[in-house]
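K.L.:
Data file upload-v1.txt (compact mmCIF, C-alpha atoms) is appended below.
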```txt
# COMPACT_ATOMS: atom_id res chain seq x y z
CA MET A 1 -29.32 37.12 -13.07
CA ASN A 2 -26.89 34.96 -14.99
CA PRO A 3 -25.43 31.74 -13.47
CA LYS A 4 -22.14 33.52 -12.73
CA GLN A 5 -23.94 36.11 -10.64
CA SER A 6 -26.10 33.54 -8.87
CA ASN A 7 -22.90 31.74 -7.76
CA PHE A 8 -21.28 34.98 -6.78
CA VAL A 9 -21.82 34.76 -3.03
CA ASN A 10 -19.94 31.43 -3.05
CA GLY A 11 -17.07 33.16 -4.86
CA LEU A 12 -16.74 35.95 -2.30
CA PRO A 13 -14.11 34.21 -0.11
CA GLU A 14 -12.11 33.48 -3.28
CA MET A 15 -12.16 37.14 -4.27
CA LEU A 16 -11.08 38.30 -0.81
CA ILE A 17 -8.23 35.78 -0.71
CA LEU A 18 -7.03 36.65 -4.22
CA ARG A 19 -7.11 40.34 -3.37
CA LEU A 20 -5.21 40.06 -0.09
CA VAL A 21 -2.45 37.77 -1.38
CA SER A 22 -2.05 39.84 -4.53
CA VAL A 23 -0.64 42.61 -2.31
CA GLU A 24 1.69 40.47 -0.21
CA GLU A 25 2.58 36.82 0.30
CA MET A 26 0.65 35.38 3.27
CA TYR A 27 0.14 32.12 5.15
CA GLY A 28 -3.21 30.78 6.33
CA TYR A 29 -3.45 32.25 9.83
CA GLN A 30 -2.13 35.61 8.62
CA LEU A 31 -4.78 35.64 5.89
CA VAL A 32 -7.61 34.81 8.31
CA ALA A 33 -6.40 37.56 10.68
CA ALA A 34 -6.20 40.04 7.78
CA ILE A 35 -9.76 39.23 6.66
CA ARG A 36 -11.01 39.60 10.23
CA GLU A 37 -9.19 42.88 10.91
CA ARG A 38 -9.70 44.60 7.57
CA SER A 39 -13.41 43.70 7.42
CA GLY A 40 -13.96 44.92 10.98
CA ASP A 41 -15.09 41.42 12.06
CA THR A 42 -17.79 41.42 9.35
CA PHE A 43 -16.86 37.99 8.01
CA THR A 44 -16.97 35.17 10.53
CA PHE A 45 -16.54 31.54 9.41
CA GLY A 46 -14.85 28.32 10.47
CA GLU A 47 -11.28 29.52 10.09
CA GLY A 48 -9.98 26.09 9.02
CA CYS A 49 -12.25 26.20 5.96
CA ILE A 50 -9.98 28.77 4.36
CA TYR A 51 -7.37 26.07 3.60
CA PRO A 52 -9.50 24.02 1.19
CA ILE A 53 -10.26 27.27 -0.70
CA LEU A 54 -6.53 28.05 -0.85
CA HIS A 55 -5.78 24.52 -2.12
CA LYS A 56 -8.52 24.79 -4.72
CA LEU A 57 -7.05 28.07 -5.99
CA VAL A 58 -3.59 26.49 -6.11
CA GLY A 59 -5.09 23.58 -8.09
CA LEU A 60 -6.61 26.09 -10.50
CA ARG A 61 -3.18 27.79 -10.75
CA CYS A 62 -4.63 31.06 -9.44
CA LEU A 63 -2.21 30.98 -6.50
CA THR A 64 1.37 29.86 -6.15
CA SER A 65 2.52 28.32 -2.87
CA ARG A 66 5.83 27.62 -1.19
CA ARG A 67 6.64 25.66 1.94
CA GLN A 68 9.05 27.01 4.53
CA VAL A 69 10.02 25.72 7.96
CA VAL A 70 9.43 28.40 10.63
CA ASP A 71 10.25 27.65 14.31
CA GLY A 72 10.63 23.97 13.40
CA ARG A 73 7.17 23.80 11.80
CA PRO A 74 6.30 23.75 8.10
CA ARG A 75 4.38 26.80 6.93
CA HIS A 76 2.78 27.33 3.50
CA TYR A 77 2.86 30.79 1.94
CA TYR A 78 0.55 31.86 -0.89
CA LYS A 79 0.76 34.52 -3.59
CA THR A 80 -1.59 35.42 -6.45
CA SER A 81 -0.37 34.26 -9.86
CA ALA A 82 -0.91 35.97 -13.23
CA LYS A 83 -3.92 33.70 -13.82
CA GLY A 84 -5.19 34.60 -10.34
CA ARG A 85 -4.99 38.31 -11.16
CA LYS A 86 -7.17 37.75 -14.24
CA ARG A 87 -9.66 35.81 -12.13
CA LEU A 88 -9.58 38.58 -9.52
CA ASP A 89 -10.33 41.19 -12.22
CA GLY A 90 -13.31 39.12 -13.39
CA LEU A 91 -14.62 38.60 -9.85
CA SER A 92 -14.16 42.31 -9.02
CA ALA A 93 -16.16 43.31 -12.10
CA GLU A 94 -18.95 40.90 -11.11
CA TRP A 95 -18.80 42.21 -7.54
CA LYS A 96 -19.23 45.83 -8.67
CA GLU A 97 -22.12 44.86 -10.92
CA THR A 98 -23.85 42.89 -8.15
CA VAL A 99 -23.37 45.62 -5.52
CA SER A 100 -24.60 48.27 -7.96
CA GLY A 101 -27.73 46.21 -8.73
CA ALA A 102 -28.42 45.51 -5.06
CA HIS A 103 -27.80 49.17 -4.18
CA ALA A 104 -30.27 50.33 -6.83
CA ILE A 105 -32.98 48.11 -5.31
CA MET A 106 -32.22 49.02 -1.70
CA GLU A 107 -32.03 52.76 -2.26
CA ALA A 108 -35.09 53.07 -4.52
CA GLN A 109 -38.01 55.04 -3.17
CA TYR A 110 -41.07 52.83 -2.78
CA VAL A 111 -44.51 54.25 -2.10
CA MET B 1 0.08 18.64 22.38
CA PHE B 2 -3.58 19.60 22.82
CA GLU B 3 -4.06 19.62 19.05
CA ARG B 4 -2.90 16.01 18.51
CA ALA B 5 -6.34 14.44 19.02
CA TYR B 6 -7.89 17.07 16.73
CA LEU B 7 -5.33 16.43 13.98
CA GLN B 8 -5.70 12.65 14.29
CA GLN B 9 -9.46 13.05 13.94
CA LEU B 10 -8.94 15.30 10.90
CA LYS B 11 -6.61 12.73 9.34
CA ARG B 12 -9.22 9.98 9.88
CA GLU B 13 -11.98 12.15 8.37
CA LEU B 14 -9.80 12.92 5.33
CA ARG B 15 -8.89 9.25 4.83
CA ALA B 16 -12.54 8.26 5.07
CA ARG B 17 -13.21 10.64 2.16
CA GLY B 18 -10.32 9.34 0.05
CA ILE B 19 -7.83 12.17 0.72
CA TRP B 20 -4.55 10.50 1.62
CA GLY B 21 -1.47 12.03 0.09
CA ARG B 22 0.07 15.42 -0.42
CA HIS B 23 -3.26 17.23 -0.02
CA ALA B 24 -3.93 15.61 3.37
CA GLN B 25 -0.38 16.26 4.55
CA THR B 26 -0.52 19.94 3.57
CA LEU B 27 -3.92 20.47 5.19
CA ILE B 28 -2.82 18.80 8.44
CA GLU B 29 0.40 20.86 8.56
CA GLU B 30 -1.52 24.08 7.97
CA THR B 31 -4.22 23.26 10.52
CA ASP B 32 -1.53 22.42 13.09
CA ASP B 33 0.17 25.78 12.42
CA HIS B 34 -3.18 27.57 12.57
CA LEU B 35 -4.10 26.07 15.95
CA ARG B 36 -0.73 27.01 17.45
CA GLU B 37 -0.86 30.56 16.06
CA THR B 38 -4.44 31.09 17.27
CA THR B 39 -3.55 29.82 20.75
CA ALA B 40 -0.47 32.07 20.90
CA ALA B 41 -2.53 35.12 19.83
CA LEU B 42 -5.16 34.42 22.51
CA ARG B 43 -2.44 33.92 25.14
CA GLU B 44 -1.01 37.33 24.21
CA LYS B 45 -4.42 38.82 24.93
CA GLY B 46 -4.22 37.31 28.43
CA VAL B 47 -6.48 34.29 27.92
CA ALA B 48 -5.54 31.32 30.11
CA GLU B 49 -3.82 28.39 28.34
CA PRO B 50 -6.64 25.79 28.54
CA ILE B 51 -9.28 28.32 27.48
CA ALA B 52 -7.08 29.57 24.63
CA GLN B 53 -6.63 25.99 23.40
CA ALA B 54 -10.36 25.27 23.54
CA GLN B 55 -11.15 28.53 21.71
CA ALA B 56 -8.54 27.78 19.04
CA LEU B 57 -10.19 24.44 18.32
CA GLN B 58 -13.61 26.07 18.20
CA LEU B 59 -12.48 28.87 15.87
CA THR B 60 -10.79 26.43 13.49
CA GLY B 61 -13.99 24.40 13.11
CA ALA B 62 -14.93 20.73 13.46
CA PRO B 63 -12.58 18.25 11.69
CA ARG B 64 -15.57 16.73 9.88
CA LEU B 65 -16.52 20.11 8.35
CA LEU B 66 -12.94 20.85 7.41
CA ALA B 67 -12.55 17.43 5.74
CA GLN B 68 -15.83 17.90 3.88
CA ALA B 69 -14.76 21.34 2.63
CA ALA B 70 -11.42 19.84 1.48
CA THR B 71 -13.23 17.04 -0.36
CA ASP B 72 -15.63 19.44 -2.09
CA GLY B 73 -12.72 21.68 -3.11
CA LEU B 74 -10.71 18.81 -4.59
CA ARG B 75 -13.68 17.23 -6.35
CA GLY B 76 -14.62 20.58 -7.83
CA GLN B 77 -11.33 20.66 -9.75
CA HIS B 78 -12.03 17.47 -11.78
CA ALA B 79 -14.96 16.54 -14.01
CA ILE B 80 -14.79 12.95 -12.71
CA GLY B 81 -14.68 14.28 -9.15
CA ARG B 82 -17.90 16.21 -9.77
CA HIS B 83 -19.53 13.21 -11.45
CA PRO B 84 -17.92 10.03 -10.02
CA TRP B 85 -20.06 7.73 -12.17
CA LEU B 86 -18.21 9.03 -15.25
CA LEU B 87 -15.26 6.99 -13.97
CA CYS B 88 -16.75 3.78 -15.38
CA GLY B 89 -17.37 5.28 -18.83
CA ALA B 90 -13.96 6.99 -18.91
CA ALA B 91 -12.10 3.75 -18.07
CA LEU B 92 -14.04 1.80 -20.71
CA PHE B 93 -13.52 4.56 -23.29
CA MET B 94 -9.77 4.49 -22.71
CA ALA B 95 -9.76 0.70 -23.09
CA LEU B 96 -11.79 1.02 -26.32
CA VAL B 97 -9.35 3.57 -27.77
CA ALA B 98 -6.43 1.32 -26.81
CA THR B 99 -8.15 -1.64 -28.53
CA PHE B 100 -8.62 0.42 -31.70
CA VAL B 101 -4.95 1.45 -31.68
CA ALA B 102 -3.94 -2.19 -31.15
CA VAL B 103 -6.08 -3.36 -34.10
CA VAL B 104 -4.63 -0.70 -36.42
CA ALA B 105 -1.07 -1.51 -35.29
CA LEU B 106 -1.65 -5.23 -35.85
CA ALA B 107 -3.17 -4.61 -39.30
CA PHE B 108 -0.12 -2.54 -40.22
CA TYR B 109 2.23 -5.26 -38.98
CA VAL B 110 0.37 -8.06 -40.79
CA THR B 111 0.26 -6.26 -44.15
CA VAL B 112 3.69 -4.61 -44.16
CA THR B 113 6.15 -6.79 -42.28
CA ARG B 114 7.74 -9.93 -43.65
CA HIS B 115 10.73 -11.59 -41.95
CA TRP B 116 11.73 -14.83 -40.27
CA LEU B 117 10.49 -13.74 -36.83
CA TYR B 118 7.10 -12.79 -38.23
CA GLY B 119 5.18 -15.62 -36.51
CA PRO B 120 6.55 -15.28 -32.95
CA ILE B 121 6.35 -11.48 -33.02
CA LEU B 122 2.78 -11.58 -34.29
CA THR B 123 1.81 -14.05 -31.54
CA THR B 124 3.34 -11.72 -28.93
CA LEU B 125 1.60 -8.70 -30.43
CA VAL B 126 -1.78 -10.43 -30.36
CA THR B 127 -1.26 -11.28 -26.67
CA LEU B 128 -0.23 -7.70 -25.93
CA ALA B 129 -3.23 -6.36 -27.87
CA ASN B 130 -5.53 -8.59 -25.83
CA TRP B 131 -4.09 -7.55 -22.47
CA GLY B 132 -2.94 -3.97 -23.20
CA PRO B 133 -6.35 -2.23 -23.05
CA PHE B 134 -7.13 -4.07 -19.81
CA PHE B 135 -3.88 -2.94 -18.17
CA LEU B 136 -4.42 0.59 -19.46
CA GLY B 137 -7.90 0.63 -17.88
CA VAL B 138 -6.42 -0.64 -14.60
CA ALA B 139 -3.65 1.99 -14.67
CA PHE B 140 -6.24 4.71 -15.36
CA LEU B 141 -8.39 3.61 -12.40
CA ALA B 142 -5.35 3.48 -10.09
CA TRP B 143 -4.31 6.96 -11.21
CA MET B 144 -7.84 8.28 -10.61
CA THR B 145 -7.80 6.72 -7.14
CA ARG B 146 -4.69 8.70 -6.33
CA SER B 147 -5.83 11.96 -7.92
CA ILE B 148 -9.47 12.37 -6.94
CA PRO B 149 -11.16 11.81 -3.60
CA SER B 150 -14.15 9.56 -4.11
CA GLY B 151 -16.04 6.81 -2.33
CA TRP B 152 -15.31 3.17 -3.01
CA LYS B 153 -18.66 2.37 -4.66
CA PRO B 154 -18.10 4.09 -8.07
CA LEU B 155 -14.53 2.80 -8.05
CA LEU B 156 -15.51 -0.84 -7.42
CA ILE B 157 -18.20 -0.70 -10.10
CA ALA B 158 -15.67 0.74 -12.59
CA CYS B 159 -13.21 -2.06 -11.65
CA VAL B 160 -15.85 -4.74 -12.29
CA ALA B 161 -16.85 -3.08 -15.59
CA VAL B 162 -13.25 -3.01 -16.82
CA GLY B 163 -12.72 -6.64 -15.73
CA LEU B 164 -15.88 -7.89 -17.44
CA ALA B 165 -15.33 -5.85 -20.62
CA SER B 166 -11.79 -7.19 -20.99
CA SER B 167 -13.08 -10.76 -20.57
CA ALA B 168 -15.87 -10.16 -23.07
CA PHE B 169 -13.74 -9.30 -26.12
CA THR B 170 -11.00 -11.30 -27.78
CA LEU B 171 -8.68 -10.31 -30.61
CA ARG B 172 -7.50 -13.07 -32.98
CA ILE B 173 -5.75 -13.42 -36.35
CA TRP B 174 -7.68 -15.60 -38.81
CA PRO B 175 -6.84 -18.06 -40.26
CA HIS B 176 -4.51 -19.30 -37.56
CA SER B 177 -1.96 -20.44 -40.21
CA ALA B 178 -1.35 -16.76 -40.98
CA MET B 179 0.34 -16.49 -37.61
CA VAL B 180 3.09 -18.79 -38.91
CA ASN B 181 3.45 -18.31 -42.65
CA GLY B 182 2.39 -14.68 -43.03
CA ASP B 183 -0.71 -15.07 -45.21
CA THR B 184 -1.39 -11.68 -46.79
CA TRP B 185 -5.12 -12.31 -46.65
CA ALA B 186 -5.17 -12.81 -42.91
CA ALA B 187 -7.99 -11.02 -41.11
CA ILE B 188 -7.93 -9.48 -37.67
CA LEU B 189 -10.96 -10.46 -35.71
CA LEU B 190 -12.21 -8.59 -32.71
CA TYR B 191 -15.12 -10.62 -31.52
CA LEU B 192 -17.42 -10.81 -28.55
CA THR B 193 -16.28 -13.70 -26.41
CA LEU B 194 -19.16 -13.55 -23.99
CA PRO B 195 -22.06 -15.18 -25.88
CA HIS B 196 -20.40 -18.26 -27.33
CA HIS B 197 -17.76 -18.71 -24.65
CA TYR B 198 -19.58 -17.96 -21.43
CA LEU B 199 -23.31 -18.37 -22.05
CA PRO B 200 -23.23 -22.18 -22.50
CA ASN B 201 -21.33 -22.40 -19.24
CA PRO B 202 -21.54 -19.25 -17.07
CA VAL B 203 -19.30 -20.91 -14.49
CA LYS B 204 -16.42 -20.02 -16.82
CA LEU B 205 -16.89 -16.40 -15.77
CA PHE B 206 -15.53 -17.46 -12.41
CA SER B 207 -12.45 -19.11 -13.86
CA ALA B 208 -8.99 -18.26 -12.51
CA LEU B 209 -8.44 -15.79 -15.36
CA GLY B 210 -11.83 -14.19 -14.75
CA PHE B 211 -10.95 -13.72 -11.10
CA VAL B 212 -7.59 -12.19 -12.02
CA LYS B 213 -9.31 -9.73 -14.34
CA LEU B 214 -11.82 -8.78 -11.67
CA LEU B 215 -9.44 -8.65 -8.73
CA LEU B 216 -6.46 -6.97 -10.40
CA PRO B 217 -8.17 -3.56 -10.91
CA ILE B 218 -9.47 -3.61 -7.33
CA ALA B 219 -6.02 -4.57 -5.99
CA ALA B 220 -4.40 -1.80 -8.08
CA CYS B 221 -6.79 0.82 -6.64
CA VAL B 222 -6.29 -0.36 -3.05
CA ILE B 223 -2.49 -0.32 -3.49
CA ALA B 224 -2.67 3.17 -5.04
CA ARG B 225 -4.49 4.49 -1.96
CA ARG B 226 -2.28 2.60 0.49
CA THR B 227 0.83 4.01 -1.18
CA LEU B 228 -0.50 7.49 -0.58
CA ALA B 229 -1.29 6.62 3.03
CA ILE B 230 2.32 5.54 3.62
CA ARG B 231 3.63 8.68 1.93
CA SER B 232 1.39 10.95 3.97
CA SER B 233 2.73 9.55 7.25
CA GLU B 234 6.35 10.05 6.24
CA PRO B 235 8.05 13.26 7.34
CA THR B 236 8.74 15.54 4.39
CA ALA B 237 12.32 16.70 3.96
CA GLU B 238 12.92 20.40 3.63
```
So, in terms of structure tokens, how does the structure I just supplied come out?
P.N.:
Amino acid sequence: MNPKQSNFVNGLPEMLILRLVSVEEMYGYQLVAAIRERSGDTFTFGEGCIYPILHKLVGLRCLTSRRQVVDGRPRHYYKTSAKGRKRLDGLSAEWKETVSGAHAIMEAQYV
Amino acid sequence: MFERAYLQQLKRELRARGIWGRHAQTLIEETDDHLRETTAALREKGVAEPIAQAQALQLTGAPRLLAQAATDGLRGQHAIGRHPWLLCGAALFMALVATFVAVVALAFYVTVTRHWLYGPILTTLVTLANWGPFFLGVAFLAWMTRSIPSGWKPLLIACVAVGLASSAFTLRIWPHSAMVNGDTWAAILLYLTLPHHYLPNPVKLFSALGFVKLLLPIAACVIARRTLAIRSSEPTAE
């Protein structure tokens, strides 16, 4: 397993975020709700921890953000950038490779 | 206003980890929005107000964990953030490069320029060359303080290193008469001040100038962080 693959589990939230905001622009709560609903409550985590990941991706220029006042409160919307799409492609390829490897082990017949 | 205490605690946790400015402001705004949205969603499901508020806080996570995740995320973006002790070496390297540039510029001036203001300009340039690398090191440290969340220990050690290094080296034109009459054979000396200047009398290290050179970088870093603290408490215009 190369270092990229060994760090893959840590990159899973990044991949999910990049995927969801590549389809439509979202804000934090909306993103957390989308992850919860679309994964069928598979992923549970401290919801606030999604924001540092979003900020990191903005810092890496993988996401673009804009601030808008909604009901008198500032809200930050995120969208995947061109660089983010490339990163998403890379993470998706790693994901498929990892799942395929894990699947091969789990489904093998052992005597 | 149930979330106020939570957000104040989050702000304190972020400040304790060196996150003061735009990043802190954005995270606090988003957490505030998240708490309100979560509470509203729970209320829609028929959960009573106080229970919905308590659940919203629980779902969002402890402020300490949130601040730690924010710190890790920000540090991960910078090499110096990942290895804070590089700060010292980076500041000294910048000062060294600046010293080299100053020596080359002075050599060019001494060998090429000849006019009636030669002496005064050369004197000014030598002073600038002696102080320039120090101020560049200080500016670099202040900028790092603003950009990267880090503890105070690596920062203070870097400040002391820059202060001591700037006191240790002196740049002079030799012979001194060349400063006035423009002797073509003048040499630029960059010499170690420390052994012959300080070792006979180490008390000189604690002279007024020494204190300025030690305290100025620290003051610059503190001001840089305080400036961010003031900015983060100001309402942002839309």
K.L.:
Pull out every residue of chain B sitting within 10 Å of chain A, counting only C-alpha atoms, and send them as a count of residues only.
P.N.:
38
K.L.:
Please measure the separation of CA of Ser167 (chain B) and CA of Gly89 (chain B), giving the value in Å to one decimal.
P.N.:
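CA of Gly89 (chain B) lies at a distance of 16.7 Å from CA of Ser167 (chain B).
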K.L.:
Please list as a PyMOL selection string every residue within 12 Å of Lys86 (chain A), counting all atoms listed in the file and excluding residues in the same chain fewer than 4 positions away.
P.N.:
chain A and resi 15+18-19+22+61-63+80-82+90-93
K.L.:
So the first atom is CA of Gly11 (chain A) and the second is CA of Gly84 (chain A); what is the distance between them in Å, to one decimal place?
P.N.:
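Rounded to one decimal, the two atoms are 13.2 Å apart.
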K.L.:
What does the distance between CA of Glu14 (chain A) and CA of Asp41 (chain A) come to in Å, to one decimal place?
P.N.:
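Separating CA of Glu14 (chain A) from CA of Asp41 (chain A) is a distance of 17.5 Å.
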K.L.:
Point out the residue among B:Val97, B:Ala52, B:Ile157, B:Leu7 with the least atom-to-atom distance to Leu141 (chain B), counting all atoms listed in the file.
P.N.:
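Distance minimum relative to Leu141 (chain B) lands on B:Ile157.
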K.L.:
Which residue is closest to Val23 (chain A)? Choose from A:Lys79, A:Arg36, A:Arg66, A:Lys96 and count all atoms listed in the file.
P.N.:
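The answer is A:Lys79, which sits nearest to Val23 (chain A).
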K.L.:
Please provide as a PyMOL selection string all residues within 8 Å of Val126 (chain B), with the sequence filter that same-chain residues fewer than 5 positions apart are discarded (counting only C-alpha atoms).
P.N.:
chain B and resi 106+171-173
K.L.:
Listed atoms of region 48-57 of chain B, axis-aligned box, 5 Å per side: centre and edge lengths to one decimal in Å, as lines of an AutoDock Vina configuration file?
P.N.:
```
center_x = -7.5
center_y = 27.9
center_z = 24.2
size_x = 17.3
size_y = 16.9
size_z = 21.8
```
K.L.:
For Ala102 (chain B), list every protein, DNA or RNA residue within 10 Å, evaluated using all atoms listed in the file, and leave out those in the same chain fewer than 5 positions away; present the list as a PyMOL selection string.
P.N.:
chain B and resi 96-97+107-108+125-126+128-130+132-133+171
